[in-house]
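Undergrad: Before I ask anything, here is the structure I am working with.
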Amino acid sequence: MSILVLAELDGNKLKGLAAHVVSAATAWQQPIDLLVYGRQVDEAAKEAAGLSGVARVLVAQADHFAHPLVEDVQDLVLSIAKEYNVIMGAHSVLGKSVIPAIAARLDVAPITDVVEIHAPSTYVRPEYAGNIFSRIENHQSLQIVTVRNTAFRPVAAGGNAEVVSISAPASRALSRWIKEDINHSDRPELGSARVVIAGGRSLGESFEALLSPIAEKLDAAIGATRACVDAGFAPNDLQVGQTGTLIAPDLYIAVGISGAMQHIAGIKDSKVVVAINHDPDAPIFKYADYGVIADLFTALPELDKALQ
Ligand SMILES: Cc1cc2nc3c(=O)[nH]c(=O)nc-3n(C[C@H](O)[C@H](O)[C@H](O)COP(=O)(O)OP(=O)(O)OC[C@H]3O[C@@H](n4cnc5c(N)ncnc54)[C@H](O)[C@@H]3O)c2cc1C
């Protein structure tokens with residue numbers, strides 16, 4: 001029995017997600033192969049080989065993987081799938097596209113957004129925006145799984161896996177990469193930041209001006225509610241929650257956020273939650289370790305001053 005884990009790359013660098021998914025895969029105590037694909041990914045392959053718990057890094061390099069498209073990643077995985085009993089990826093934007101499609105083509109039911117694995121075949125996963133955790137037994141001979149990365153501690157570096165080149169099937173050219181618009185930021189990445197400060201729609205046009213000086217002082221990532229994003233006060237990639245990024249920082253500061261269940265679904269693994277809200281009955285206070293009942297337009301400048 002062996003396990004295939006799909007890595008994800010940011011340019012030519014390995015995303016931190018891989019260390020979490022490998023950690024989840026260790027539940028089976030079986031050899032783990034980590035699949036890395038791209039155009040020039042020697043650096044990522046080297047990083048992948050250094051993750052402890054990985055037996056082999058499979059590297060597929062091809063021009064059409066410069067910007068991997070879902071169909072091509074599926075074909076790559078399907079070309080080697082028969083060697084594995086478990087195929088896993090992160091419950092990320094890419095994982096949510098690729099893994100269920102692979103499962104469909106192999107006629108297997110995927111188990112998604114898993115937060116606990118009791119090998120060989122029992123999983124815990126959230127339902128109803130995390131209000132219920134169901135325990136699922138899956139007795140298919142092939143297990144296809146996405147895992148919530150924040151639920152698994154990343155494996156450490158210190159591994160020395162074998163790196164094996166594999167060939168990639170030709171691109172089916174069903175879709176074509178045209179361009180990507182990326183918001184470049186010097187701040188930590190939202191999904192892995194140790195500190196996150198997030199704002200709701202009540203910050204209005206002052207969203208960036210109020211949060212960024214504090215984020216800078218705390219070396220924090222900035223997040224937003226969906227209502228804030230929908231109102232155009234924050235870009236889409238800052239959305240935290242059920243339909244945004246799932247986060248588990250050491251410190252989460254929620255400013256002017258009501259605490260709707262869809263938002264809480266994305267922050268409930270945070271270690272310490274601080275809420276600033278002028279309504280003492282706001283639901284966010286049920287989840288907060290520390291609550292500040294105050295107008296955010298006075299509390300934030302005061303916090304900024306205190307941090308100075
Ligand atoms: C299918 C679905 C998926 C969703 N996914 C997500 C998701 O991923 N993420 C997400 O965030 N939401 C999501 N939502 C939306 C969610 O239900 C809420 O509508 C949203 O989180 C509310 O955002 P908010 O707290 O900014 O706004 P509001 O609900 O308007 O709350 C504003 C809060 O700010 C406080 N406030 C106002 N003025 C001040 C002030 N001056 N000082 C201090 N406090 C103040 C108020 O007391 C209130 O608590 C989803 C909804 C659906 C239906």
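As shown in the structure tokens, the chain order sets the letters A, B, ...; within each chain, residues go from 1, and ligands are also counted from 1 in the order they appear.
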Produce a table with one row for each residue of chain A that has an atom at most 8 Å from any atom of ligand 1, each row naming the nearest atom pair and its distance in Å at one decimal; use only C-alpha atoms and all ligand atoms; arrange rows by chain and rising residue number; format as CSV.
TA:
residue,atom,partner,partner_atom_place_in_ligand_line,distance
A:Gly199,CA,ligand 1,26 (O),6.7
A:Gly200,CA,ligand 1,26 (O),3.1
A:Arg201,CA,ligand 1,26 (O),4.1
A:Ser202,CA,ligand 1,38 (N),4.7
A:Leu203,CA,ligand 1,38 (N),7.3
A:Ala224,CA,ligand 1,11 (O),6.6
A:Thr225,CA,ligand 1,11 (O),3.3
A:Arg226,CA,ligand 1,10 (C),4.0
A:Ala227,CA,ligand 1,23 (O),4.3
A:Cys228,CA,ligand 1,26 (O),5.2
A:Gln239,CA,ligand 1,9 (N),6.0
A:Val240,CA,ligand 1,9 (N),5.0
A:Gly241,CA,ligand 1,8 (O),3.3
A:Gln242,CA,ligand 1,8 (O),3.9
A:Thr243,CA,ligand 1,8 (O),3.6
A:Gly244,CA,ligand 1,8 (O),4.4
A:Thr245,CA,ligand 1,8 (O),7.3
A:Val255,CA,ligand 1,44 (N),6.7
A:Gly256,CA,ligand 1,34 (O),3.6
A:Ile257,CA,ligand 1,25 (O),3.6
A:Ser258,CA,ligand 1,49 (O),3.3
A:Gly259,CA,ligand 1,25 (O),5.8
A:Ala260,CA,ligand 1,21 (O),4.9
A:Met261,CA,ligand 1,17 (O),6.5
A:Gln262,CA,ligand 1,6 (C),4.5
A:His263,CA,ligand 1,11 (O),3.9
A:Ile264,CA,ligand 1,11 (O),7.6
A:Ala265,CA,ligand 1,8 (O),7.7
A:Gly266,CA,ligand 1,8 (O),6.8
A:Ile276,CA,ligand 1,43 (C),6.1
A:Asn277,CA,ligand 1,44 (N),3.6
A:His278,CA,ligand 1,43 (C),4.1
A:Asp279,CA,ligand 1,47 (O),4.5
A:Pro280,CA,ligand 1,47 (O),8.0
A:Ala282,CA,ligand 1,49 (O),5.0
A:Pro283,CA,ligand 1,49 (O),7.4
A:Ile284,CA,ligand 1,49 (O),7.5
A:Ile293,CA,ligand 1,43 (C),7.5
A:Ala294,CA,ligand 1,43 (C),5.8
A:Asp295,CA,ligand 1,42 (N),3.6
A:Leu296,CA,ligand 1,42 (N),3.8
A:Phe297,CA,ligand 1,41 (N),5.9
Undergrad: Mind checking which residues fall within 12 Å of A:Arg176, counting only C-alpha atoms, ignoring those fewer than 4 positions away in the same chain, and posting them as a PDB file with N, CA and C atoms, in the first residue's frame?
TA:
ATOM      1  N   HIS A  64       3.814  22.582 -20.513  1.00  0.00           N
ATOM      2  CA  HIS A  64       2.420  22.942 -20.235  1.00  0.00           C
ATOM      3  C   HIS A  64       2.116  22.996 -18.732  1.00  0.00           C
ATOM      4  N   PHE A  65       3.078  22.606 -17.892  1.00  0.00           N
ATOM      5  CA  PHE A  65       2.875  22.755 -16.448  1.00  0.00           C
ATOM      6  C   PHE A  65       3.427  24.081 -15.909  1.00  0.00           C
ATOM      7  N   ALA A  66       3.875  24.961 -16.827  1.00  0.00           N
ATOM      8  CA  ALA A  66       4.322  26.278 -16.364  1.00  0.00           C
ATOM      9  C   ALA A  66       3.171  26.948 -15.615  1.00  0.00           C
ATOM     10  N   HIS A  67       1.962  26.749 -16.119  1.00  0.00           N
ATOM     11  CA  HIS A  67       0.746  27.220 -15.436  1.00  0.00           C
ATOM     12  C   HIS A  67      -0.217  26.042 -15.435  1.00  0.00           C
ATOM     13  N   PRO A  68      -0.149  25.174 -14.434  1.00  0.00           N
ATOM     14  CA  PRO A  68      -0.911  23.911 -14.489  1.00  0.00           C
ATOM     15  C   PRO A  68      -2.417  24.151 -14.588  1.00  0.00           C
ATOM     16  N   LEU A  69      -3.037  23.437 -15.500  1.00  0.00           N
ATOM     17  CA  LEU A  69      -4.491  23.502 -15.668  1.00  0.00           C
ATOM     18  C   LEU A  69      -5.089  22.206 -15.134  1.00  0.00           C
ATOM     19  N   VAL A  70      -6.320  22.318 -14.649  1.00  0.00           N
ATOM     20  CA  VAL A  70      -6.941  21.218 -13.914  1.00  0.00           C
ATOM     21  C   VAL A  70      -6.933  19.911 -14.718  1.00  0.00           C
ATOM     22  N   GLU A  71      -7.273  19.976 -16.006  1.00  0.00           N
ATOM     23  CA  GLU A  71      -7.369  18.720 -16.797  1.00  0.00           C
ATOM     24  C   GLU A  71      -6.000  18.051 -16.914  1.00  0.00           C
ATOM     25  N   ASP A  72      -4.949  18.885 -17.055  1.00  0.00           N
ATOM     26  CA  ASP A  72      -3.609  18.302 -17.236  1.00  0.00           C
ATOM     27  C   ASP A  72      -3.103  17.672 -15.937  1.00  0.00           C
ATOM     28  N   SER A 171      -0.503  17.611 -23.032  1.00  0.00           N
ATOM     29  CA  SER A 171      -1.645  18.429 -22.609  1.00  0.00           C
ATOM     30  C   SER A 171      -2.849  18.140 -23.506  1.00  0.00           C
ATOM     31  N   ARG A 172      -4.025  18.088 -22.875  1.00  0.00           N
ATOM     32  CA  ARG A 172      -5.233  17.894 -23.701  1.00  0.00           C
ATOM     33  C   ARG A 172      -5.687  19.216 -24.316  1.00  0.00           C
ATOM     34  N   GLU A 180      -2.822  35.813 -15.155  1.00  0.00           N
ATOM     35  CA  GLU A 180      -3.320  35.818 -13.777  1.00  0.00           C
ATOM     36  C   GLU A 180      -3.039  37.187 -13.173  1.00  0.00           C
TER      37      GLU A 180
END
Undergrad: Report as number ranges by chain all protein, DNA and RNA residues lying within 8 Å of A:Val147, evaluated on only C-alpha atoms, omitting residues in the same chain fewer than 3 positions from it.
TA: A: 21, 24, 88-91, 112-115, 151
Undergrad: Go ahead and write the selection's residues with N, CA and C atoms as a PDB file, in the first residue's frame.
TA:
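Written file, again-v8.pdb:
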ATOM      1  N   VAL A  21      -0.295  18.249   4.328  1.00  0.00           N
ATOM      2  CA  VAL A  21      -0.954  17.074   3.727  1.00  0.00           C
ATOM      3  C   VAL A  21      -0.106  15.824   3.974  1.00  0.00           C
ATOM      4  N   ALA A  24      -0.869  14.650   7.368  1.00  0.00           N
ATOM      5  CA  ALA A  24      -2.129  13.891   7.404  1.00  0.00           C
ATOM      6  C   ALA A  24      -1.914  12.480   6.863  1.00  0.00           C
ATOM      7  N   MET A  88      -4.190  11.960  -2.179  1.00  0.00           N
ATOM      8  CA  MET A  88      -4.585  13.068  -1.298  1.00  0.00           C
ATOM      9  C   MET A  88      -4.099  14.408  -1.813  1.00  0.00           C
ATOM     10  N   GLY A  89      -4.845  15.434  -1.468  1.00  0.00           N
ATOM     11  CA  GLY A  89      -4.405  16.799  -1.751  1.00  0.00           C
ATOM     12  C   GLY A  89      -4.946  17.705  -0.668  1.00  0.00           C
ATOM     13  N   ALA A  90      -4.538  18.969  -0.713  1.00  0.00           N
ATOM     14  CA  ALA A  90      -5.067  19.948   0.241  1.00  0.00           C
ATOM     15  C   ALA A  90      -6.478  20.337  -0.181  1.00  0.00           C
ATOM     16  N   HIS A  91      -7.278  20.792   0.787  1.00  0.00           N
ATOM     17  CA  HIS A  91      -8.627  21.291   0.470  1.00  0.00           C
ATOM     18  C   HIS A  91      -8.483  22.774   0.070  1.00  0.00           C
ATOM     19  N   THR A 112     -13.919  14.776   1.346  1.00  0.00           N
ATOM     20  CA  THR A 112     -13.299  16.095   1.248  1.00  0.00           C
ATOM     21  C   THR A 112     -13.276  16.825   2.590  1.00  0.00           C
ATOM     22  N   ASP A 113     -12.340  17.777   2.684  1.00  0.00           N
ATOM     23  CA  ASP A 113     -12.233  18.682   3.834  1.00  0.00           C
ATOM     24  C   ASP A 113     -12.076  17.910   5.150  1.00  0.00           C
ATOM     25  N   VAL A 114     -11.236  16.889   5.107  1.00  0.00           N
ATOM     26  CA  VAL A 114     -11.064  16.006   6.269  1.00  0.00           C
ATOM     27  C   VAL A 114     -10.238  16.710   7.347  1.00  0.00           C
ATOM     28  N   VAL A 115     -10.682  16.604   8.611  1.00  0.00           N
ATOM     29  CA  VAL A 115      -9.923  17.231   9.704  1.00  0.00           C
ATOM     30  C   VAL A 115      -9.291  16.199  10.649  1.00  0.00           C
ATOM     31  N   ALA A 151      -5.821  21.677  10.070  1.00  0.00           N
ATOM     32  CA  ALA A 151      -6.124  20.667  11.080  1.00  0.00           C
ATOM     33  C   ALA A 151      -4.942  19.723  11.332  1.00  0.00           C
TER      34      ALA A 151
END
Undergrad: In terms of the shortest atom-to-atom distance over only C-alpha atoms, which of A:Ile222, A:Leu17, A:Ile132, A:Ala55 is closest to A:Pro235?
TA: A:Ile222
Undergrad: Calculated over only C-alpha atoms, which of the candidates A:Ala27, A:Ile144, A:Gly95, A:Val5 has the smallest distance to A:His118?
TA: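 Going through A:Ala27, A:Ile144, A:Gly95, A:Val5 one by one, the smallest distance to A:His118 is for A:Ala27.
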Undergrad: For A:Leu211, which of A:Pro169, A:Gly223, A:Gly232, A:Pro31 is the closest residue, counting only C-alpha atoms?
TA: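 So, comparing all the options, the nearest one is A:Gly223.
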Undergrad: Leaving out A:Ile247 and any residue of its chain fewer than 3 positions from it, which residues lie within 8 Å of it when counting only C-alpha atoms, given as a PyMOL selection string?
TA: chain A and resi 150+190-192+240+266-267+269-270
Undergrad: Calculate how many Å separate atom CA of A:Phe285 from atom CA of A:Arg153, rounding to one decimal.
TA: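 Distance between the two atoms: 27.1 Å.
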Undergrad: Which polymer residues have any atom within 12 Å of an atom of A:Ser185, counting only C-alpha atoms, with same-chain residues fewer than 4 positions away left out, as a list in words?
TA: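 The residues that qualify are Glu189, Leu190, Ser212, Glu216, Ala220, Ala221, Ile222, Asp237 and Leu238 of chain A.
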Undergrad: Please dump the current selection as a JSON list (two decimals), in the first residue's frame; keep all heavy atoms.
TA:
[["chain", "number", "residue", "atom", "x", "y", "z"],
["A", 189, "GLU", "N", 1.48, 35.44, 4.22],
["A", 189, "GLU", "CA", 0.36, 34.84, 3.48],
["A", 189, "GLU", "C", -0.79, 34.56, 4.44],
["A", 189, "GLU", "O", -0.58, 34.03, 5.53],
["A", 189, "GLU", "CB", 0.86, 33.53, 2.84],
["A", 189, "GLU", "CG", -0.05, 32.98, 1.79],
["A", 189, "GLU", "CD", 0.16, 31.48, 1.62],
["A", 189, "GLU", "OE1", 1.26, 30.98, 1.95],
["A", 189, "GLU", "OE2", -0.79, 30.84, 1.17],
["A", 190, "LEU", "N", -2.01, 34.91, 4.02],
["A", 190, "LEU", "CA", -3.17, 34.80, 4.91],
["A", 190, "LEU", "C", -3.34, 33.38, 5.49],
["A", 190, "LEU", "O", -3.59, 33.21, 6.67],
["A", 190, "LEU", "CB", -4.42, 35.22, 4.11],
["A", 190, "LEU", "CG", -5.76, 35.23, 4.84],
["A", 190, "LEU", "CD1", -5.73, 36.14, 6.05],
["A", 190, "LEU", "CD2", -6.88, 35.66, 3.89],
["A", 212, "SER", "N", -3.90, 48.43, 8.06],
["A", 212, "SER", "CA", -2.52, 48.15, 7.64],
["A", 212, "SER", "C", -1.45, 48.64, 8.62],
["A", 212, "SER", "O", -0.45, 47.93, 8.82],
["A", 212, "SER", "CB", -2.25, 48.61, 6.21],
["A", 212, "SER", "OG", -2.34, 49.97, 6.12],
["A", 216, "GLU", "N", 1.19, 45.89, 10.04],
["A", 216, "GLU", "CA", 2.64, 46.05, 9.86],
["A", 216, "GLU", "C", 3.36, 45.87, 11.19],
["A", 216, "GLU", "O", 4.37, 45.16, 11.27],
["A", 216, "GLU", "CB", 2.89, 47.44, 9.31],
["A", 216, "GLU", "CG", 4.18, 47.55, 8.54],
["A", 216, "GLU", "CD", 4.25, 48.91, 7.87],
["A", 216, "GLU", "OE1", 3.38, 49.19, 7.02],
["A", 216, "GLU", "OE2", 5.14, 49.68, 8.24],
["A", 220, "ALA", "N", 1.37, 40.97, 10.70],
["A", 220, "ALA", "CA", 0.14, 40.18, 10.53],
["A", 220, "ALA", "C", -0.35, 40.21, 9.09],
["A", 220, "ALA", "O", -0.07, 41.16, 8.35],
["A", 220, "ALA", "CB", -0.96, 40.76, 11.43],
["A", 221, "ALA", "N", -1.09, 39.17, 8.72],
["A", 221, "ALA", "CA", -1.83, 39.19, 7.46],
["A", 221, "ALA", "C", -3.16, 39.90, 7.71],
["A", 221, "ALA", "O", -3.63, 39.95, 8.85],
["A", 221, "ALA", "CB", -2.07, 37.77, 6.98],
["A", 222, "ILE", "N", -3.75, 40.43, 6.63],
["A", 222, "ILE", "CA", -5.06, 41.09, 6.77],
["A", 222, "ILE", "C", -6.12, 40.20, 6.13],
["A", 222, "ILE", "O", -5.91, 39.63, 5.05],
["A", 222, "ILE", "CB", -5.04, 42.48, 6.10],
["A", 222, "ILE", "CG1", -4.14, 43.42, 6.92],
["A", 222, "ILE", "CG2", -6.44, 43.07, 5.99],
["A", 222, "ILE", "CD1", -4.12, 44.87, 6.44],
["A", 237, "ASP", "N", -9.32, 38.08, -2.45],
["A", 237, "ASP", "CA", -8.39, 37.09, -1.89],
["A", 237, "ASP", "C", -8.17, 37.28, -0.38],
["A", 237, "ASP", "O", -7.48, 36.47, 0.24],
["A", 237, "ASP", "CB", -7.06, 37.06, -2.65],
["A", 237, "ASP", "CG", -6.35, 38.39, -2.64],
["A", 237, "ASP", "OD1", -7.01, 39.42, -2.39],
["A", 237, "ASP", "OD2", -5.12, 38.41, -2.88],
["A", 238, "LEU", "N", -8.76, 38.33, 0.20],
["A", 238, "LEU", "CA", -8.63, 38.49, 1.66],
["A", 238, "LEU", "C", -9.78, 37.81, 2.41],
["A", 238, "LEU", "O", -9.78, 37.76, 3.63],
["A", 238, "LEU", "CB", -8.60, 39.98, 2.03],
["A", 238, "LEU", "CG", -7.43, 40.82, 1.52],
["A", 238, "LEU", "CD1", -7.38, 42.14, 2.28],
["A", 238, "LEU", "CD2", -6.10, 40.10, 1.67]]
Undergrad: Nearest to A:Leu246: which of A:Leu76, A:Leu303, A:Ile117, A:Val93 is it, counting only C-alpha atoms?
TA: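 Among the listed residues, A:Val93 lies closest to A:Leu246.
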Undergrad: From the set A:Leu210, A:Ile80, A:Val273, A:Leu106, which residue has the shortest atom-to-atom contact distance to A:Asp304, counting only C-alpha atoms?
TA: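 Closest residue, counting only C-alpha atoms: A:Leu210.
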Undergrad: Per DSSP on the backbone, filter stretch 24-250 of chain A down to the residues in helix (DSSP H, G or I) and report them as number ranges by chain.
TA: A: 24-28, 42-49, 63-65, 70-83, 93-105, 149-151, 190-192, 201-218, 226-230, 236-238
Undergrad: Which residues, written as a ChimeraX atom specification, have at least one atom at most 12 Å from A:Ala45, with only C-alpha atoms counted and residues fewer than 4 positions away on the same chain left out?
TA: /A:7-9,12-15,18,33-41,49-51,54,56-61,160-165
Undergrad: Those residues with N, CA and C atoms, as an mmCIF file, in the first residue's frame please?
TA:
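So the final result, stored in selection17.cif, reads:
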data_model
loop_
_atom_site.group_PDB
_atom_site.id
_atom_site.type_symbol
_atom_site.label_atom_id
_atom_site.label_comp_id
_atom_site.auth_asym_id
_atom_site.auth_seq_id
_atom_site.Cartn_x
_atom_site.Cartn_y
_atom_site.Cartn_z
ATOM 1 N N ALA A 7 1.463 17.891 -4.449
ATOM 2 C CA ALA A 7 2.020 19.152 -3.953
ATOM 3 C C ALA A 7 1.413 20.302 -4.754
ATOM 4 N N GLU A 8 1.546 21.499 -4.239
ATOM 5 C CA GLU A 8 1.163 22.699 -4.997
ATOM 6 C C GLU A 8 2.337 23.654 -4.975
ATOM 7 N N LEU A 9 2.496 24.376 -6.087
ATOM 8 C CA LEU A 9 3.624 25.290 -6.191
ATOM 9 C C LEU A 9 3.167 26.734 -6.271
ATOM 10 N N ASN A 12 7.910 28.651 -8.733
ATOM 11 C CA ASN A 12 8.742 27.444 -8.725
ATOM 12 C C ASN A 12 8.995 26.952 -7.306
ATOM 13 N N LYS A 13 8.285 27.536 -6.352
ATOM 14 C CA LYS A 13 8.544 27.157 -4.946
ATOM 15 C C LYS A 13 7.409 26.288 -4.412
ATOM 16 N N LEU A 14 7.779 25.376 -3.541
ATOM 17 C CA LEU A 14 6.783 24.489 -2.937
ATOM 18 C C LEU A 14 5.927 25.273 -1.945
ATOM 19 N N LYS A 15 4.588 25.125 -2.045
ATOM 20 C CA LYS A 15 3.740 25.794 -1.052
ATOM 21 C C LYS A 15 3.795 25.032 0.261
ATOM 22 N N ALA A 18 1.996 21.423 1.411
ATOM 23 C CA ALA A 18 2.471 20.042 1.245
ATOM 24 C C ALA A 18 2.848 19.431 2.596
ATOM 25 N N ASP A 33 4.500 9.064 -1.445
ATOM 26 C CA ASP A 33 5.116 9.717 -2.609
ATOM 27 C C ASP A 33 4.507 11.103 -2.743
ATOM 28 N N LEU A 34 5.354 12.095 -2.955
ATOM 29 C CA LEU A 34 4.874 13.479 -3.126
ATOM 30 C C LEU A 34 5.061 13.859 -4.595
ATOM 31 N N LEU A 35 3.963 14.267 -5.237
ATOM 32 C CA LEU A 35 4.014 14.571 -6.675
ATOM 33 C C LEU A 35 4.207 16.072 -6.881
ATOM 34 N N VAL A 36 5.297 16.424 -7.565
ATOM 35 C CA VAL A 36 5.612 17.829 -7.861
ATOM 36 C C VAL A 36 5.599 17.988 -9.376
ATOM 37 N N TYR A 37 4.902 18.991 -9.870
ATOM 38 C CA TYR A 37 4.853 19.185 -11.326
ATOM 39 C C TYR A 37 4.999 20.662 -11.635
ATOM 40 N N GLY A 38 5.618 20.937 -12.792
ATOM 41 C CA GLY A 38 5.839 22.323 -13.174
ATOM 42 C C GLY A 38 6.775 22.355 -14.358
ATOM 43 N N ARG A 39 7.340 23.545 -14.646
ATOM 44 C CA ARG A 39 8.258 23.612 -15.793
ATOM 45 C C ARG A 39 9.708 23.477 -15.332
ATOM 46 N N GLN A 40 10.108 24.309 -14.386
ATOM 47 C CA GLN A 40 11.479 24.165 -13.870
ATOM 48 C C GLN A 40 11.352 24.081 -12.365
ATOM 49 N N VAL A 41 11.231 22.886 -11.879
ATOM 50 C CA VAL A 41 10.832 22.747 -10.474
ATOM 51 C C VAL A 41 11.873 21.996 -9.639
ATOM 52 N N ALA A 49 11.810 16.947 -1.123
ATOM 53 C CA ALA A 49 12.594 15.789 -0.669
ATOM 54 C C ALA A 49 13.055 15.973 0.772
ATOM 55 N N GLY A 50 13.087 17.218 1.229
ATOM 56 C CA GLY A 50 13.534 17.489 2.596
ATOM 57 C C GLY A 50 12.431 17.366 3.637
ATOM 58 N N LEU A 51 11.197 17.109 3.192
ATOM 59 C CA LEU A 51 10.107 16.971 4.174
ATOM 60 C C LEU A 51 10.173 15.597 4.816
ATOM 61 N N VAL A 54 8.416 11.721 3.748
ATOM 62 C CA VAL A 54 8.240 11.473 2.306
ATOM 63 C C VAL A 54 9.246 10.415 1.862
ATOM 64 N N ARG A 56 9.394 9.166 -1.563
ATOM 65 C CA ARG A 56 9.893 9.535 -2.897
ATOM 66 C C ARG A 56 9.216 10.833 -3.337
ATOM 67 N N VAL A 57 9.959 11.642 -4.075
ATOM 68 C CA VAL A 57 9.350 12.806 -4.725
ATOM 69 C C VAL A 57 9.283 12.484 -6.208
ATOM 70 N N LEU A 58 8.070 12.467 -6.768
ATOM 71 C CA LEU A 58 7.906 12.216 -8.201
ATOM 72 C C LEU A 58 7.843 13.568 -8.894
ATOM 73 N N VAL A 59 8.707 13.785 -9.866
ATOM 74 C CA VAL A 59 8.789 15.104 -10.502
ATOM 75 C C VAL A 59 8.408 14.994 -11.968
ATOM 76 N N ALA A 60 7.356 15.720 -12.352
ATOM 77 C CA ALA A 60 6.947 15.759 -13.760
ATOM 78 C C ALA A 60 7.188 17.173 -14.264
ATOM 79 N N GLN A 61 8.126 17.297 -15.212
ATOM 80 C CA GLN A 61 8.423 18.625 -15.749
ATOM 81 C C GLN A 61 7.959 18.670 -17.198
ATOM 82 N N ASN A 160 14.960 12.969 3.624
ATOM 83 C CA ASN A 160 15.930 12.816 2.538
ATOM 84 C C ASN A 160 15.350 11.851 1.515
ATOM 85 N N ALA A 161 14.243 12.282 0.886
ATOM 86 C CA ALA A 161 13.520 11.378 -0.015
ATOM 87 C C ALA A 161 14.260 11.222 -1.341
ATOM 88 N N GLU A 162 13.994 10.089 -1.979
ATOM 89 C CA GLU A 162 14.540 9.851 -3.321
ATOM 90 C C GLU A 162 13.750 10.716 -4.313
ATOM 91 N N VAL A 163 14.435 11.353 -5.275
ATOM 92 C CA VAL A 163 13.746 12.167 -6.289
ATOM 93 C C VAL A 163 13.723 11.387 -7.597
ATOM 94 N N VAL A 164 12.518 11.160 -8.136
ATOM 95 C CA VAL A 164 12.358 10.326 -9.337
ATOM 96 C C VAL A 164 11.647 11.152 -10.409
ATOM 97 N N SER A 165 12.233 11.217 -11.613
ATOM 98 C CA SER A 165 11.563 11.941 -12.713
ATOM 99 C C SER A 165 10.530 11.031 -13.348
#
Undergrad: Could you tell me how far atom CA of A:Gly158 sits from atom CA of A:Ser79, in Å to one decimal place?
TA: 29.7 Å
Undergrad: Just how far from atom CA of A:Val155 is atom CA of A:Leu142, in Å to one decimal?
TA: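 Going from atom CA of A:Leu142 over to atom CA of A:Val155, I get 24.1 Å.
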